[in-house]
file data15.cif (mmCIF, C-alpha atoms and all ligand atoms)
data_protein
#
loop_
_atom_site.label_atom_id
_atom_site.label_comp_id
_atom_site.auth_asym_id
_atom_site.auth_seq_id
_atom_site.Cartn_x
_atom_site.Cartn_y
_atom_site.Cartn_z
CA MET A 8 -128.52 39.54 7.08
CA ARG A 9 -130.25 36.18 6.65
CA ALA A 10 -127.86 33.21 6.63
CA LEU A 11 -127.57 31.42 3.31
CA PRO A 12 -128.45 27.74 3.00
CA ALA A 13 -125.50 25.37 3.26
CA SER A 14 -125.95 24.32 -0.37
CA THR A 15 -125.38 27.90 -1.56
CA LEU A 16 -122.27 28.25 0.58
CA ALA A 17 -120.93 25.01 -0.86
CA LEU A 18 -121.52 26.32 -4.39
CA CYS A 19 -119.66 29.50 -3.49
CA GLY A 20 -116.68 27.43 -2.47
CA LEU A 21 -116.62 25.69 -5.82
CA ILE A 22 -117.30 28.62 -8.15
CA ALA A 23 -115.57 31.73 -6.88
CA ALA A 24 -116.74 33.92 -9.76
CA ALA A 25 -120.37 33.39 -8.83
CA CYS A 26 -119.72 34.73 -5.36
CA GLY A 27 -117.69 37.86 -6.00
CA GLY A 28 -114.35 36.47 -7.15
CA THR A 29 -112.93 37.78 -10.42
CA GLY A 30 -112.43 34.28 -11.77
CA SER A 31 -109.70 35.62 -14.05
CA GLY A 32 -106.87 34.32 -11.92
CA ASP A 33 -104.84 37.54 -12.20
CA ALA A 34 -102.81 38.47 -9.16
CA GLY A 35 -104.40 41.93 -8.85
CA GLY A 36 -107.86 40.47 -8.70
CA ARG A 37 -106.89 37.99 -6.03
CA THR A 38 -105.22 40.69 -3.95
CA ALA A 39 -108.29 42.87 -4.07
CA LEU A 40 -110.51 39.97 -3.08
CA ALA A 41 -108.18 39.00 -0.24
CA HIS A 42 -108.35 42.54 1.15
CA ALA A 43 -112.10 42.56 0.94
CA GLU A 44 -112.30 39.20 2.68
CA ALA A 45 -109.98 40.30 5.45
CA ARG A 46 -112.41 43.06 6.32
CA THR A 47 -115.59 41.03 5.82
CA PRO A 48 -115.00 37.38 6.63
CA SER A 49 -118.71 36.53 6.93
CA PRO A 50 -119.67 33.86 4.35
CA ALA A 51 -123.10 35.46 3.95
CA HIS A 52 -121.47 38.76 2.98
CA LYS A 53 -119.04 37.01 0.68
CA ALA A 54 -121.92 35.50 -1.23
CA THR A 55 -123.33 38.93 -2.19
CA GLN A 56 -120.03 40.75 -2.75
CA GLN A 57 -119.65 42.44 -6.13
CA ALA A 58 -116.46 42.62 -8.12
CA PRO A 59 -114.83 46.06 -7.66
CA ALA A 60 -116.21 48.50 -10.21
CA ALA A 61 -113.88 50.41 -12.51
CA PRO A 62 -113.16 53.89 -11.07
CA VAL A 63 -115.44 56.54 -12.58
CA GLN A 64 -115.45 60.31 -12.11
CA GLU A 65 -118.58 60.71 -10.06
CA SER A 66 -120.45 63.99 -10.28
CA LYS A 67 -121.07 65.68 -6.95
CA PRO A 68 -124.13 67.66 -5.94
CA LEU A 69 -122.34 71.01 -5.58
CA ASP A 70 -120.12 70.76 -8.67
CA GLY A 71 -119.70 74.20 -10.23
CA LYS A 72 -120.95 76.08 -7.14
CA VAL A 73 -118.72 78.70 -5.53
CA VAL A 74 -119.03 79.37 -1.80
CA VAL A 75 -117.10 82.03 0.11
CA ILE A 76 -116.74 81.44 3.85
CA ASP A 77 -115.78 84.38 6.02
CA PRO A 78 -114.49 83.33 9.45
CA GLY A 79 -115.31 86.36 11.62
CA HIS A 80 -112.45 88.41 13.18
CA ASN A 81 -108.85 87.13 13.36
CA GLY A 82 -106.63 85.86 16.18
CA GLY A 83 -104.09 88.65 15.67
CA ASN A 84 -106.59 91.51 15.88
CA TYR A 85 -105.97 91.92 19.63
CA ARG A 86 -102.37 92.86 18.87
CA ALA A 87 -103.20 95.42 16.20
CA PRO A 88 -105.63 97.98 17.65
CA THR A 89 -104.48 100.75 15.31
CA ALA A 90 -104.82 98.69 12.15
CA ILE A 91 -108.24 97.32 12.99
CA SER A 92 -109.64 100.65 14.19
CA ARG A 93 -108.94 102.29 10.84
CA GLN A 94 -112.27 103.71 9.65
CA VAL A 95 -113.80 102.23 6.50
CA ASN A 96 -116.89 103.24 4.55
CA VAL A 97 -119.67 100.65 4.76
CA LEU A 98 -122.11 102.85 2.78
CA THR A 99 -124.52 103.52 5.66
CA GLN A 100 -121.77 104.69 8.01
CA TRP A 101 -118.05 104.60 8.79
CA LYS A 102 -116.85 101.68 10.88
CA ASP A 103 -113.74 100.02 12.28
CA CYS A 104 -111.90 97.98 9.65
CA ASP A 105 -112.34 94.86 11.81
CA THR A 106 -112.97 93.93 15.45
CA THR A 107 -111.50 91.50 17.96
CA GLY A 108 -114.72 89.57 18.54
CA THR A 109 -115.75 88.00 21.82
CA ALA A 110 -114.63 84.92 23.80
CA THR A 111 -115.97 82.40 26.29
CA ASN A 112 -115.36 83.12 29.98
CA GLY A 113 -112.73 80.38 29.78
CA GLY A 114 -110.83 82.35 27.11
CA TYR A 115 -111.74 80.45 23.92
CA SER A 116 -111.86 83.27 21.39
CA GLU A 117 -114.56 83.86 18.81
CA ALA A 118 -111.79 84.17 16.19
CA ALA A 119 -110.52 80.65 17.01
CA PHE A 120 -114.07 79.31 17.00
CA THR A 121 -115.01 80.85 13.65
CA TRP A 122 -111.73 79.70 12.10
CA ASP A 123 -112.24 76.11 13.23
CA VAL A 124 -115.90 75.95 12.16
CA SER A 125 -115.07 77.56 8.80
CA LYS A 126 -112.31 75.05 8.06
CA ARG A 127 -114.66 72.20 8.87
CA LEU A 128 -117.41 73.76 6.76
CA ALA A 129 -115.01 74.19 3.81
CA LYS A 130 -114.08 70.51 4.01
CA VAL A 131 -117.70 69.33 3.99
CA LEU A 132 -118.61 71.60 1.05
CA ARG A 133 -115.55 70.60 -0.98
CA ALA A 134 -116.40 66.94 -0.44
CA ARG A 135 -119.78 67.73 -2.01
CA GLY A 136 -118.11 69.30 -5.04
CA ALA A 137 -118.20 73.02 -4.21
CA THR A 138 -115.35 75.42 -4.91
CA VAL A 139 -114.67 77.13 -1.58
CA LYS A 140 -112.71 80.25 -0.76
CA LEU A 141 -112.03 81.57 2.73
CA THR A 142 -111.44 85.24 3.54
CA ARG A 143 -108.42 84.49 5.72
CA ASN A 144 -105.75 81.77 5.71
CA GLY A 145 -105.14 81.24 9.41
CA ASN A 146 -105.92 82.52 12.88
CA ASP A 147 -102.68 84.37 13.68
CA GLY A 148 -103.07 87.36 11.36
CA VAL A 149 -104.88 90.68 11.37
CA GLY A 150 -108.09 91.44 9.47
CA PRO A 151 -108.85 91.68 6.60
CA CYS A 152 -111.13 94.70 6.85
CA VAL A 153 -114.86 94.08 6.53
CA THR A 154 -114.75 95.86 3.17
CA GLU A 155 -112.25 93.32 1.86
CA ARG A 156 -114.19 90.41 3.36
CA ALA A 157 -117.16 91.47 1.22
CA ALA A 158 -114.97 92.14 -1.82
CA ILE A 159 -113.55 88.60 -1.71
CA GLY A 160 -117.07 87.16 -2.12
CA ASN A 161 -117.82 89.62 -4.92
CA ARG A 162 -114.61 88.90 -6.84
CA ALA A 163 -115.20 85.15 -6.54
CA LYS A 164 -118.73 85.70 -7.93
CA ALA A 165 -119.86 83.43 -5.11
CA ASP A 166 -123.17 81.65 -5.46
CA ALA A 167 -123.42 82.06 -1.69
CA ALA A 168 -121.31 83.70 1.00
CA ILE A 169 -121.49 83.17 4.75
CA SER A 170 -119.80 85.01 7.58
CA VAL A 171 -119.39 82.82 10.67
CA HIS A 172 -119.63 84.43 14.12
CA ALA A 173 -120.65 83.77 17.71
CA ASP A 174 -122.05 86.40 20.01
CA GLY A 175 -121.01 87.88 23.34
CA ALA A 176 -124.31 88.73 25.05
CA GLY A 177 -125.40 88.56 28.70
CA PRO A 178 -124.89 85.18 30.41
CA GLY A 179 -128.61 84.42 30.56
CA ALA A 180 -129.14 84.98 26.83
CA HIS A 181 -128.82 82.02 24.50
CA GLY A 182 -129.59 80.65 21.06
CA PHE A 183 -128.46 81.36 17.51
CA HIS A 184 -129.58 83.79 14.86
CA VAL A 185 -128.98 84.58 11.21
CA ILE A 186 -128.41 88.14 9.96
CA MET A 187 -129.44 89.15 6.45
CA PRO A 188 -128.95 92.40 4.54
CA LYS A 189 -131.55 95.12 4.08
CA LYS A 190 -132.05 97.37 1.07
CA ILE A 191 -129.91 100.47 1.52
CA GLY A 192 -130.15 102.04 -1.92
CA GLY A 193 -126.86 100.39 -2.81
CA PRO A 194 -125.44 97.43 -4.73
CA VAL A 195 -126.57 94.94 -2.06
CA ASP A 196 -130.22 95.68 -2.89
CA LYS A 197 -130.27 93.26 -5.79
CA VAL A 198 -129.22 90.33 -3.57
CA VAL A 199 -131.43 91.09 -0.58
CA ALA A 200 -134.15 88.64 -1.69
CA ALA A 201 -131.68 85.85 -2.46
CA SER A 202 -129.88 86.47 0.84
CA ARG A 203 -133.18 86.09 2.68
CA LYS A 204 -133.75 82.75 0.98
CA LEU A 205 -130.23 81.68 1.94
CA GLY A 206 -130.83 82.85 5.50
CA LEU A 207 -134.04 80.85 5.86
CA SER A 208 -132.37 77.74 4.51
CA VAL A 209 -129.41 78.07 6.91
CA ARG A 210 -131.70 78.92 9.86
CA ASP A 211 -133.72 75.73 9.32
CA ALA A 212 -130.69 73.48 8.80
CA PHE A 213 -128.86 74.99 11.78
CA ALA A 214 -131.79 74.43 14.16
CA LYS A 215 -132.25 70.87 12.92
CA GLY A 216 -128.56 69.93 12.89
CA THR A 217 -127.39 71.50 16.15
CA GLY A 218 -130.52 71.43 18.29
CA LEU A 219 -129.68 74.97 19.45
CA ALA A 220 -132.61 77.25 20.22
CA TYR A 221 -133.58 80.36 18.29
CA SER A 222 -132.01 83.40 19.90
CA THR A 223 -133.78 84.49 23.07
CA TYR A 224 -132.41 88.04 22.77
CA LEU A 225 -132.25 89.08 19.09
CA GLY A 226 -134.30 88.87 15.94
CA ARG A 227 -137.55 87.08 15.35
CA ALA A 228 -137.48 83.29 14.96
CA ALA A 229 -133.69 83.56 14.73
CA LEU A 230 -133.89 85.99 11.80
CA ASP A 231 -132.46 89.50 11.95
CA PHE A 232 -132.04 92.12 9.19
CA ARG A 233 -129.35 94.81 9.46
CA SER A 234 -128.06 97.71 7.42
CA ASP A 235 -124.99 98.54 9.56
CA LEU A 236 -122.72 95.62 8.64
CA GLY A 237 -120.08 96.27 5.99
CA GLY A 238 -119.83 92.57 5.23
CA LEU A 239 -123.46 92.64 4.09
CA ASN A 240 -123.86 96.20 2.75
CA LEU A 241 -120.93 95.79 0.39
CA SER A 242 -121.87 92.35 -0.89
CA THR A 243 -123.08 91.91 -4.46
CA VAL A 244 -123.57 88.16 -3.96
CA PRO A 245 -126.14 86.45 -1.70
CA LYS A 246 -124.67 86.68 1.78
CA ILE A 247 -125.61 86.14 5.41
CA PHE A 248 -124.00 86.19 8.84
CA VAL A 249 -124.63 83.38 11.29
CA GLU A 250 -124.26 84.06 15.00
CA CYS A 251 -123.92 80.46 16.19
CA GLY A 252 -124.91 81.27 19.77
CA ASN A 253 -123.75 83.16 22.84
CA MET A 254 -120.17 82.47 23.92
CA ARG A 255 -120.89 84.13 27.30
CA ASN A 256 -123.61 81.60 28.07
CA ALA A 257 -122.09 78.68 30.02
CA THR A 258 -124.15 75.98 28.28
CA GLU A 259 -123.35 77.22 24.78
CA ALA A 260 -119.70 77.91 25.65
CA ALA A 261 -119.34 74.26 26.70
CA LYS A 262 -120.72 73.20 23.32
CA PHE A 263 -118.53 75.57 21.31
CA THR A 264 -115.35 74.34 23.01
CA ASP A 265 -116.21 70.75 22.01
CA SER A 266 -114.77 69.83 18.61
CA LYS A 267 -117.54 67.28 18.00
CA PHE A 268 -120.14 70.00 18.41
CA ARG A 269 -118.20 72.32 16.08
CA GLN A 270 -118.31 69.56 13.47
CA LYS A 271 -122.07 69.34 14.00
CA ILE A 272 -122.32 73.10 13.40
CA ALA A 273 -120.22 72.82 10.23
CA VAL A 274 -122.36 70.03 8.79
CA ALA A 275 -125.55 71.93 9.67
CA LEU A 276 -124.26 75.06 7.91
CA ALA A 277 -123.20 72.98 4.91
CA ASN A 278 -126.68 71.46 4.72
CA GLY A 279 -128.28 74.91 4.80
CA LEU A 280 -126.00 76.20 2.03
CA HIS A 281 -126.47 72.99 0.05
CA HIS A 282 -130.26 73.23 0.20
CA TYR A 283 -130.12 76.85 -0.99
CA LEU A 284 -127.62 76.09 -3.78
CA GLU A 285 -129.62 73.15 -5.12
CA ALA A 286 -132.93 75.00 -5.18
ZN ZN B 1 -118.28 88.26 15.57
#

call {"tool": "encode", "arguments": {"input": "data15.cif", "output": "structure tokens"}}
result
Amino acid sequence: MRALPASTLALCGLIAAACGGTGSGDAGGRTALAHAEARTPSPAHKATQQAPAAPVQESKPLDGKVVVIDPGHNGGNYRAPTAISRQVNVLTQWKDCDTTGTATNGGYSEAAFTWDVSKRLAKVLRARGATVKLTRNGNDGVGPCVTERAAIGNRAKADAAISVHADGAGPGAHGFHVIMPKKIGGPVDKVVAASRKLGLSVRDAFAKGTGLAYSTYLGRAALDFRSDLGGLNLSTVPKIFVECGNMRNATEAAKFTDSKFRQKIAVALANGLHHYLEA
């Protein structure tokens, strides 16, 4: 900032109100000013400081939007093989109720990763005004089944739903991809187009925000369409899966175990959802 001429600074000293003081002489006003000055002692800053504005209820960009976040798997699934192998109908086939997910070679589980990213994502979206619901409340439980994970999004009448995962492919494979539903002659058909739009928005924001490459082993330009996932087949709201990368790849595993990188992922996902929801 350009320094102010000495004459202006002198004027500030004489007339506090002209330079950000309240001028009213009330104790509250002086306290507020003192706090502000303690943080910003520069005279140049003081000269441009505004009196604190009255608190107003600011509207936020995602006010009124409902987002359901589904953190893939659950930390307790390893302990409950019978419960999670119960067969459920996902319309195109019968499948296990839920699965354990993968892990890095160092033992950081996909369930822990998806839980952490989802919590961070929820925080970012709530700060932007969205109403957010998660499909599980912690990382020590079992399930829920994929059928219930879809039902939670449907019951919430979510404007968008996202299931967060990371893959367990061969060590040389890397990159992320987004999975979207296909028409199956079922209730998901009417949200296939919207889900594709959501998927494109999240794909673009994820690439930009994380710098991770498009998957080298699945999909085309990080886009994949599937009709075998219960979480998608049973959804009546726009929904996608994101496979954030390959946990078995050493470079990506190092990123996923870094909390700063997980925050980067969460912000990127939030930006993708945000762009879709505002369109
Ligand atoms: Zn998964």

call {"tool": "closest_residue", "arguments": {"input": "data15.cif", "among": "A:Lys267, A:Lys190, A:His80, A:Lys164", "to": "A:Ser234", "atoms": "all atoms listed in the file"}}
result
A:Lys190

call {"tool": "residues_around", "arguments": {"input": "data15.cif", "residues": "A:Lys72", "least_positions_apart": "2", "cutoff": "12 Å", "atoms": "only C-alpha atoms", "output": "PyMOL selection string"}}
result
chain A and resi 67-70+74-75+132-133+135-140+163-168+280-281+283-285

call {"tool": "atom_distance", "arguments": {"input": "data15.cif", "atom1": "atom CA of A:Phe120", "atom2": "atom CA of A:Ala277"}}
result
16.4 Å

call {"tool": "residues_near_ligand", "arguments": {"input": "data15.cif", "ligand": "ligand ZN 1 (chain B)", "cutoff": "7 Å", "atoms": "all atoms listed in the file", "output": "list in words"}}
result
Gly79, His80, Gly108, Thr109, Glu117, His172, Ala173 and Asp174 of chain A

call {"tool": "closest_residue", "arguments": {"input": "data15.cif", "among": "A:Lys130, A:Arg143, A:Arg255, A:His181", "to": "A:Ala118", "atoms": "only C-alpha atoms"}}
result
A:Arg143

call {"tool": "residues_around", "arguments": {"input": "data15.cif", "residues": "A:Lys189", "least_positions_apart": "4", "cutoff": "10 Å", "atoms": "all atoms listed in the file", "output": "JSON list (two decimals) with C-alpha atoms, in the coordinates of the input"}}
result
[["chain", "number", "residue", "atom", "x", "y", "z"],
["A", 193, "GLY", "CA", -126.86, 100.39, -2.81],
["A", 195, "VAL", "CA", -126.57, 94.94, -2.06],
["A", 196, "ASP", "CA", -130.22, 95.68, -2.89],
["A", 198, "VAL", "CA", -129.22, 90.33, -3.57],
["A", 199, "VAL", "CA", -131.43, 91.09, -0.58],
["A", 200, "ALA", "CA", -134.15, 88.64, -1.69],
["A", 202, "SER", "CA", -129.88, 86.47, 0.84],
["A", 203, "ARG", "CA", -133.18, 86.09, 2.68],
["A", 231, "ASP", "CA", -132.46, 89.50, 11.95],
["A", 232, "PHE", "CA", -132.04, 92.12, 9.19],
["A", 233, "ARG", "CA", -129.35, 94.81, 9.46],
["A", 234, "SER", "CA", -128.06, 97.71, 7.42],
["A", 235, "ASP", "CA", -124.99, 98.54, 9.56],
["A", 236, "LEU", "CA", -122.72, 95.62, 8.64],
["A", 239, "LEU", "CA", -123.46, 92.64, 4.09],
["A", 240, "ASN", "CA", -123.86, 96.20, 2.75]]

call {"tool": "decode", "arguments": {"input": "data15.cif", "residues": "stretch 60-89 of chain A", "atoms": "C-alpha atoms", "output": "short mmCIF file (atom, residue, chain, number, x, y, z; two decimals), in the first residue's frame"}}
result
data_model
loop_
_atom_site.label_atom_id
_atom_site.label_comp_id
_atom_site.auth_asym_id
_atom_site.auth_seq_id
_atom_site.Cartn_x
_atom_site.Cartn_y
_atom_site.Cartn_z
CA ALA A 60 -20.58 -3.02 9.93
CA ALA A 61 -23.69 -4.20 11.73
CA PRO A 62 -23.98 -8.01 11.50
CA VAL A 63 -26.26 -9.09 8.65
CA GLN A 64 -27.48 -12.54 7.64
CA GLU A 65 -25.51 -13.05 4.47
CA SER A 66 -26.95 -15.33 1.83
CA LYS A 67 -24.64 -18.12 0.72
CA PRO A 68 -24.30 -19.54 -2.77
CA LEU A 69 -25.60 -23.02 -1.92
CA ASP A 70 -28.48 -21.96 0.36
CA GLY A 71 -31.41 -24.34 -0.09
CA LYS A 72 -29.34 -27.03 -1.85
CA VAL A 73 -29.25 -30.55 -0.41
CA VAL A 74 -26.17 -32.71 -0.96
CA VAL A 75 -25.80 -36.32 0.18
CA ILE A 76 -22.23 -37.55 0.60
CA ASP A 77 -21.66 -41.29 0.72
CA PRO A 78 -18.26 -42.22 2.17
CA GLY A 79 -17.54 -45.60 0.55
CA HIS A 80 -17.32 -48.75 2.74
CA ASN A 81 -16.95 -48.59 6.54
CA GLY A 82 -14.09 -49.29 8.96
CA GLY A 83 -16.00 -52.08 10.70
CA ASN A 84 -16.81 -54.03 7.54
CA TYR A 85 -13.70 -56.20 7.95
CA ARG A 86 -15.13 -57.55 11.20
CA ALA A 87 -18.55 -58.37 9.79
CA PRO A 88 -18.13 -60.63 6.76
CA THR A 89 -21.54 -62.26 7.20
#
